[in-house]
Amino acid sequence: MIGSARSRLRLVSGLTVVALVVALVCFADRVFWWTHRQFADCDMQIFNRPQPGYCSVVSELDWMIWYGPFISLGIAVGVLLLRRQRWHSFPFSPVVVFWLSMLMLTRTAFVMLVGFALRNLH
């Protein structure tokens with residue numbers, strides 16, 4: 001009985017770390033993407049210099065920015081459902097990861113909806 005409780009605690013802790021890593025990577029990718037778009041490094045050649053190396057991974061960055069929050073939120077909800085305690089009880093890290101994922105997902109969903117609405121205007 002104690003062994004199963006410890007394995008469940010390890011699973012919950014491990015999944016919390018995975019969800020946090022996914023959320024942080026999504027945030028870092030979003031910041032990187034914003035600076036990439038701001039300077040438009042991949043869209044033009046400057047003085048015949050080769051493009052930066054990250055221009056080859058634009059599709060992966062784009063995928064992580066848009067679908068990463070869904071993955072992080074799904075893992076966070078799974079962790080909270082696996083816990084035997086209430087959501088607002090100690091340890092608080094799964095709840096923090098859940099709300100971080102929700103915050104990023106809200107922004108992502110808003111941008112997606114605005115993008116779909118504006119695309120159909122012309």
# chains A, B, ... in the order shown; residues from 1 in each chain; ligands from 1
>>> residues_around(residues="stretch 77-88 of chain A", least_positions_apart="4", cutoff="10 Å", atoms="only C-alpha atoms", output="MDAnalysis selection string")
chainID A and resid 5 8:9 11:16 19 71:73 92 94:98 101
>>> write_last_selection(atoms="N, CA, C and O atoms", output="compact mmCIF listing (two decimals), in the first residue's frame")
# COMPACT_ATOMS: atom_id res chain seq x y z
N ALA A 5 1.49 4.23 -3.02
CA ALA A 5 1.34 5.66 -2.75
C ALA A 5 2.60 6.41 -3.16
O ALA A 5 2.52 7.51 -3.71
N ARG A 8 2.72 6.58 -6.96
CA ARG A 8 1.77 7.58 -7.44
C ARG A 8 2.33 8.98 -7.21
O ARG A 8 2.20 9.85 -8.08
N LEU A 9 2.97 9.20 -6.07
CA LEU A 9 3.57 10.50 -5.79
C LEU A 9 4.70 10.81 -6.76
O LEU A 9 4.81 11.92 -7.25
N LEU A 11 4.94 9.58 -9.82
CA LEU A 11 4.29 9.83 -11.10
C LEU A 11 3.73 11.24 -11.17
O LEU A 11 3.92 11.95 -12.16
N VAL A 12 3.05 11.66 -10.11
CA VAL A 12 2.48 13.01 -10.07
C VAL A 12 3.60 14.05 -10.13
O VAL A 12 3.50 15.03 -10.86
N SER A 13 4.67 13.83 -9.38
CA SER A 13 5.79 14.77 -9.40
C SER A 13 6.45 14.82 -10.77
O SER A 13 6.77 15.90 -11.28
N GLY A 14 6.67 13.67 -11.36
CA GLY A 14 7.28 13.62 -12.69
C GLY A 14 6.44 14.28 -13.75
O GLY A 14 6.95 15.05 -14.59
N LEU A 15 5.13 14.03 -13.73
CA LEU A 15 4.25 14.66 -14.71
C LEU A 15 4.14 16.16 -14.49
O LEU A 15 4.03 16.93 -15.45
N THR A 16 4.22 16.60 -13.23
CA THR A 16 4.21 18.03 -12.94
C THR A 16 5.44 18.69 -13.53
O THR A 16 5.36 19.77 -14.14
N ALA A 19 5.00 18.87 -17.33
CA ALA A 19 4.07 19.94 -17.71
C ALA A 19 4.71 21.31 -17.53
O ALA A 19 4.54 22.21 -18.36
N ILE A 71 -0.97 20.83 -24.64
CA ILE A 71 -0.30 19.66 -24.06
C ILE A 71 -0.02 19.89 -22.58
O ILE A 71 -0.28 19.02 -21.74
N SER A 72 0.51 21.05 -22.26
CA SER A 72 0.82 21.37 -20.86
C SER A 72 -0.44 21.36 -20.00
O SER A 72 -0.44 20.83 -18.89
N LEU A 73 -1.51 21.95 -20.52
CA LEU A 73 -2.77 21.96 -19.77
C LEU A 73 -3.32 20.55 -19.59
O LEU A 73 -3.80 20.20 -18.52
N PHE A 92 1.57 22.78 -3.93
CA PHE A 92 0.88 23.72 -4.81
C PHE A 92 1.42 23.73 -6.24
O PHE A 92 0.83 24.35 -7.10
N PRO A 94 1.47 21.57 -8.78
CA PRO A 94 0.57 21.20 -9.89
C PRO A 94 -0.47 22.27 -10.20
O PRO A 94 -0.82 22.48 -11.36
N VAL A 95 -0.94 22.95 -9.17
CA VAL A 95 -1.94 24.01 -9.38
C VAL A 95 -1.30 25.21 -10.07
O VAL A 95 -1.90 25.82 -10.97
N VAL A 96 -0.07 25.54 -9.70
CA VAL A 96 0.64 26.65 -10.34
C VAL A 96 0.87 26.33 -11.82
O VAL A 96 0.66 27.18 -12.69
N VAL A 97 1.28 25.10 -12.12
CA VAL A 97 1.48 24.70 -13.51
C VAL A 97 0.16 24.74 -14.28
O VAL A 97 0.10 25.18 -15.43
N PHE A 98 -0.92 24.32 -13.64
CA PHE A 98 -2.24 24.36 -14.27
C PHE A 98 -2.61 25.79 -14.66
O PHE A 98 -3.03 26.05 -15.79
N SER A 101 -0.47 27.17 -17.45
CA SER A 101 -0.92 26.61 -18.72
C SER A 101 -2.22 27.26 -19.18
O SER A 101 -2.41 27.54 -20.37
>>> residues_around(residues="A:Met104", least_positions_apart="4", cutoff="12 Å", atoms="only C-alpha atoms", output="list in words")
Val22, Ala23, Leu24, Val25, Cys26, Phe27, Ala28, Asp29, Arg30, Met64, Ile65, Trp66, Tyr67, Gly68, Pro69, Phe70, Ile71, Ser72, Leu73, Val97, Phe98, Trp99, Leu100, Thr108, Ala109, Phe110 and Val111 of chain A
>>> atom_distance(atom1="atom CA of A:Leu118", atom2="atom CA of A:Leu105")
19.7 Å
>>> atom_distance(atom1="atom CA of A:Trp34", atom2="atom CA of A:Met102")
20.2 Å
>>> closest_residue(among="A:Trp33, A:Val114, A:Ile2, A:Leu103", to="A:Glu60", atoms="only C-alpha atoms")
A:Trp33
>>> atom_distance(atom1="atom CA of A:Trp63", atom2="atom CA of A:Val17")
20.7 Å
